[in-house]
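Heads up, the thing below is written out as structure tokens.
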Amino acid sequence: MQTVQTPPAGTQVTSPKPEPALKKILSPSGIFLPDVDICESSDQIRLLADMPGVDQNSVEVTVENNVLTIGGPAYVDCPAGYDLVGQEYRVGRYRREFSFPDAVDTGRIKARVRHGVLEVTIPKREEMKSRKIRIET
Amino acid sequence: MELATWPRSTFSVFDELESLHEGLSRMFSEPDLSRVSDSFPHLNVWLSSDGLIIDAELPGVDPKDVDVSLVGDELILRGKVNVQEPRSGETFYQRERPSGEFSRTLQLPFRAEAGMAKASYKNGVLRLTVPRSEQEKPRKIAIEAS
């Protein structure tokens, strides 16, 4: 499993020295896992997936048998007349799947893409939302 | 007094299908390297006699939060990503996307025409177009026949 450690918000991440010429690596296409955050609140779950190069028209979001599948092809505009001299990321298709609990309302899932980030909003079922219980004094 | 109750372990089954995970790292570097690291953001670079085109993967940033500066033959890319998450009332169940400030300095292979450099942001990719200064562009020298 891919583990990604993320420093706390506000962490200064710098590369103080200028970098030498970038290493050239060939570009195979492939299927890639987007980095995903999942945020939970009392009434919904928000899933945020970094999918740079994907737009609202090319993104694919499906729900079947309590499995959410997100993905889509990333588009890159290779400039004509230029040679690729440094490559640090590859471009291909994204795909990742998540299984769901019964506690979510798959009929009311919403998705949108903005600035290369897919946001999927998944409402919890009414009976599974957190409740406040009044304590009598 | 009020007490909040949560449907415990509701999302413990919100698990990923592990089988898809294997061998799918997008990065060329070590798999445990954070994406907010010395090499964030990741870049793809194209070169021609006109200059450089640099793509930086910066999904979800506000273009106002990114600062690009060009000094001599150095290009500096600074900014912050995902500092607004999570929203109030939310907690992270899973967190992989980079968050924080970044700064990256690139040594260009030529002196740039700074006034002609361009930046555009589309679908989470920042594209910088950095032309060579006129003096550094390759020139053809006509050979005179004797």
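Just remember, in the structure tokens the first chain shown is A, the second B, etc., residues are 1-based per chain, and ligands are 1-based in the order shown.
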At a cut-off of 9 Å, using only C-alpha atoms, what residues contact Leu58 of chain B? Leave out same-chain residues fewer than 2 positions from it and give the result as a VMD selection string. (chain A and resid 50 52 115 to 116) or (chain B and resid 40 to 42 56 60 to 61 81 121 123 to 126)
Keeping C-alpha atoms for every residue in the selection just given, could you write it to a file as a PDB file, in the first residue's frame?
ATOM      1  CA  ASP A  50      -6.085  15.248  -6.691  1.00  0.00           C
ATOM      2  CA  PRO A  52      -4.516  17.196 -12.264  1.00  0.00           C
ATOM      3  CA  HIS A 115      -8.769  23.051 -10.581  1.00  0.00           C
ATOM      4  CA  GLY A 116      -7.927  19.368 -11.072  1.00  0.00           C
TER       5      GLY A 116
ATOM      6  CA  PHE B  40       7.031  19.692  -4.743  1.00  0.00           C
ATOM      7  CA  PRO B  41       5.439  20.541  -7.050  1.00  0.00           C
ATOM      8  CA  HIS B  42       6.414  17.888  -9.585  1.00  0.00           C
ATOM      9  CA  ALA B  56       3.793  22.102 -12.477  1.00  0.00           C
ATOM     10  CA  GLY B  60      -6.568  22.705  -6.015  1.00  0.00           C
ATOM     11  CA  VAL B  61      -4.456  25.802  -5.551  1.00  0.00           C
ATOM     12  CA  VAL B  81      -1.719  24.337  -1.083  1.00  0.00           C
ATOM     13  CA  TYR B 121      -3.429  27.568 -14.818  1.00  0.00           C
ATOM     14  CA  ASN B 123      -7.211  21.750 -14.586  1.00  0.00           C
ATOM     15  CA  GLY B 124      -4.740  21.882 -11.714  1.00  0.00           C
ATOM     16  CA  VAL B 125      -1.642  22.274 -13.876  1.00  0.00           C
ATOM     17  CA  LEU B 126       0.359  25.502 -13.874  1.00  0.00           C
TER      18      LEU B 126
END
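Picture a line from atom CA of Thr129 of chain B to atom CA of Phe32 of chain A; it runs 27.0 Å.
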May I ask which of the residues B:Thr105, B:Gln94, B:Ser88, B:Ser133 is the closest one to Ser41 of chain A, counting only C-alpha atoms? B:Ser88
Mind pulling up the distance from atom CA of Gln44 of chain A to atom CA of Ala111 of chain A? 13.2 Å
For segment 73-80 of chain A, please output as a list of chain:residue names all residues within 8 Å (counting only C-alpha atoms; exclusion window: fewer than 6 positions along the same chain). A:Met51, A:Pro52, A:Gly53, A:Val54, A:Ser58, A:Val59, A:Val91, A:Gly92, A:Arg93, A:Tyr94, B:Trp46, B:Ile53
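These are the residues of segment 76-128 of chain B assigned strand (DSSP E) by DSSP from backbone coordinates: Ile76, Leu77, Arg78, Gly79, Lys80, Val81, Thr91, Phe92, Tyr93, Gln94, Gly100, Glu101, Phe102, Ser103, Arg104, Thr105, Leu106, Gln107, Lys118, Ala119, Ser120, Tyr121, Lys122, Val125, Leu126, Arg127 and Leu128 of chain B.
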Restricted to C-alpha atoms, what would the selected residues look like written as a PDB file, in the first residue's frame?
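Result went into again.pdb, see below:
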ATOM      1  CA  ILE B  76      11.390  30.564  -8.176  1.00  0.00           C
ATOM      2  CA  LEU B  77       7.981  29.015  -7.591  1.00  0.00           C
ATOM      3  CA  ARG B  78       6.371  29.646  -4.202  1.00  0.00           C
ATOM      4  CA  GLY B  79       2.935  29.195  -2.748  1.00  0.00           C
ATOM      5  CA  LYS B  80       0.622  27.261  -0.495  1.00  0.00           C
ATOM      6  CA  VAL B  81      -1.719  24.337  -1.083  1.00  0.00           C
ATOM      7  CA  THR B  91     -12.469  15.894  10.715  1.00  0.00           C
ATOM      8  CA  PHE B  92     -10.066  14.031   8.484  1.00  0.00           C
ATOM      9  CA  TYR B  93     -10.824  10.382   8.107  1.00  0.00           C
ATOM     10  CA  GLN B  94      -7.977   9.951   5.636  1.00  0.00           C
ATOM     11  CA  GLY B 100       1.349  23.612   3.461  1.00  0.00           C
ATOM     12  CA  GLU B 101       3.773  26.036   1.905  1.00  0.00           C
ATOM     13  CA  PHE B 102       6.184  25.169  -0.845  1.00  0.00           C
ATOM     14  CA  SER B 103       9.144  26.798  -2.537  1.00  0.00           C
ATOM     15  CA  ARG B 104      11.122  25.490  -5.454  1.00  0.00           C
ATOM     16  CA  THR B 105      14.015  27.083  -7.312  1.00  0.00           C
ATOM     17  CA  LEU B 106      14.994  26.056 -10.815  1.00  0.00           C
ATOM     18  CA  GLN B 107      18.230  26.891 -12.527  1.00  0.00           C
ATOM     19  CA  LYS B 118       3.776  33.753 -19.198  1.00  0.00           C
ATOM     20  CA  ALA B 119       1.876  31.646 -16.679  1.00  0.00           C
ATOM     21  CA  SER B 120      -1.494  29.935 -17.078  1.00  0.00           C
ATOM     22  CA  TYR B 121      -3.429  27.568 -14.818  1.00  0.00           C
ATOM     23  CA  LYS B 122      -5.766  24.907 -16.146  1.00  0.00           C
ATOM     24  CA  VAL B 125      -1.642  22.274 -13.876  1.00  0.00           C
ATOM     25  CA  LEU B 126       0.359  25.502 -13.874  1.00  0.00           C
ATOM     26  CA  ARG B 127       2.120  26.102 -17.212  1.00  0.00           C
ATOM     27  CA  LEU B 128       5.028  28.528 -17.355  1.00  0.00           C
TER      28      LEU B 128
END
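In this structure, atom CA of Ala49 of chain A sits 18.6 Å away from atom CA of Pro63 of chain B.
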Using only C-alpha atoms, which residues sit within 12 Å of Asp83 of chain A once same-chain residues fewer than 4 positions away are excluded, as a PyMOL selection string? (chain A and resi 24+78-79+87) or (chain B and resi 44-54)
Pick out the residues sitting within 8 Å of Ile122 of chain A, and hand them over as number ranges by chain; count only C-alpha atoms, and ignore anything fewer than 4 positions along from it in its own chain. A: 44-47, 104-106, 108-110
Suppose we keep C-alpha atoms; can you now write the selection as a PDB file, in the first residue's frame?
ATOM      1  CA  GLN A  44     -21.861  13.954   5.200  1.00  0.00           C
ATOM      2  CA  ILE A  45     -18.527  12.732   3.916  1.00  0.00           C
ATOM      3  CA  ARG A  46     -16.456  14.710   1.441  1.00  0.00           C
ATOM      4  CA  LEU A  47     -13.880  12.900  -0.656  1.00  0.00           C
ATOM      5  CA  VAL A 104     -24.437   6.544   3.273  1.00  0.00           C
ATOM      6  CA  ASP A 105     -27.103   7.598   0.850  1.00  0.00           C
ATOM      7  CA  THR A 106     -25.681   6.601  -2.526  1.00  0.00           C
ATOM      8  CA  ARG A 108     -27.719  11.614  -3.346  1.00  0.00           C
ATOM      9  CA  ILE A 109     -23.990  11.596  -4.108  1.00  0.00           C
ATOM     10  CA  LYS A 110     -22.739  14.737  -5.833  1.00  0.00           C
TER      11      LYS A 110
END
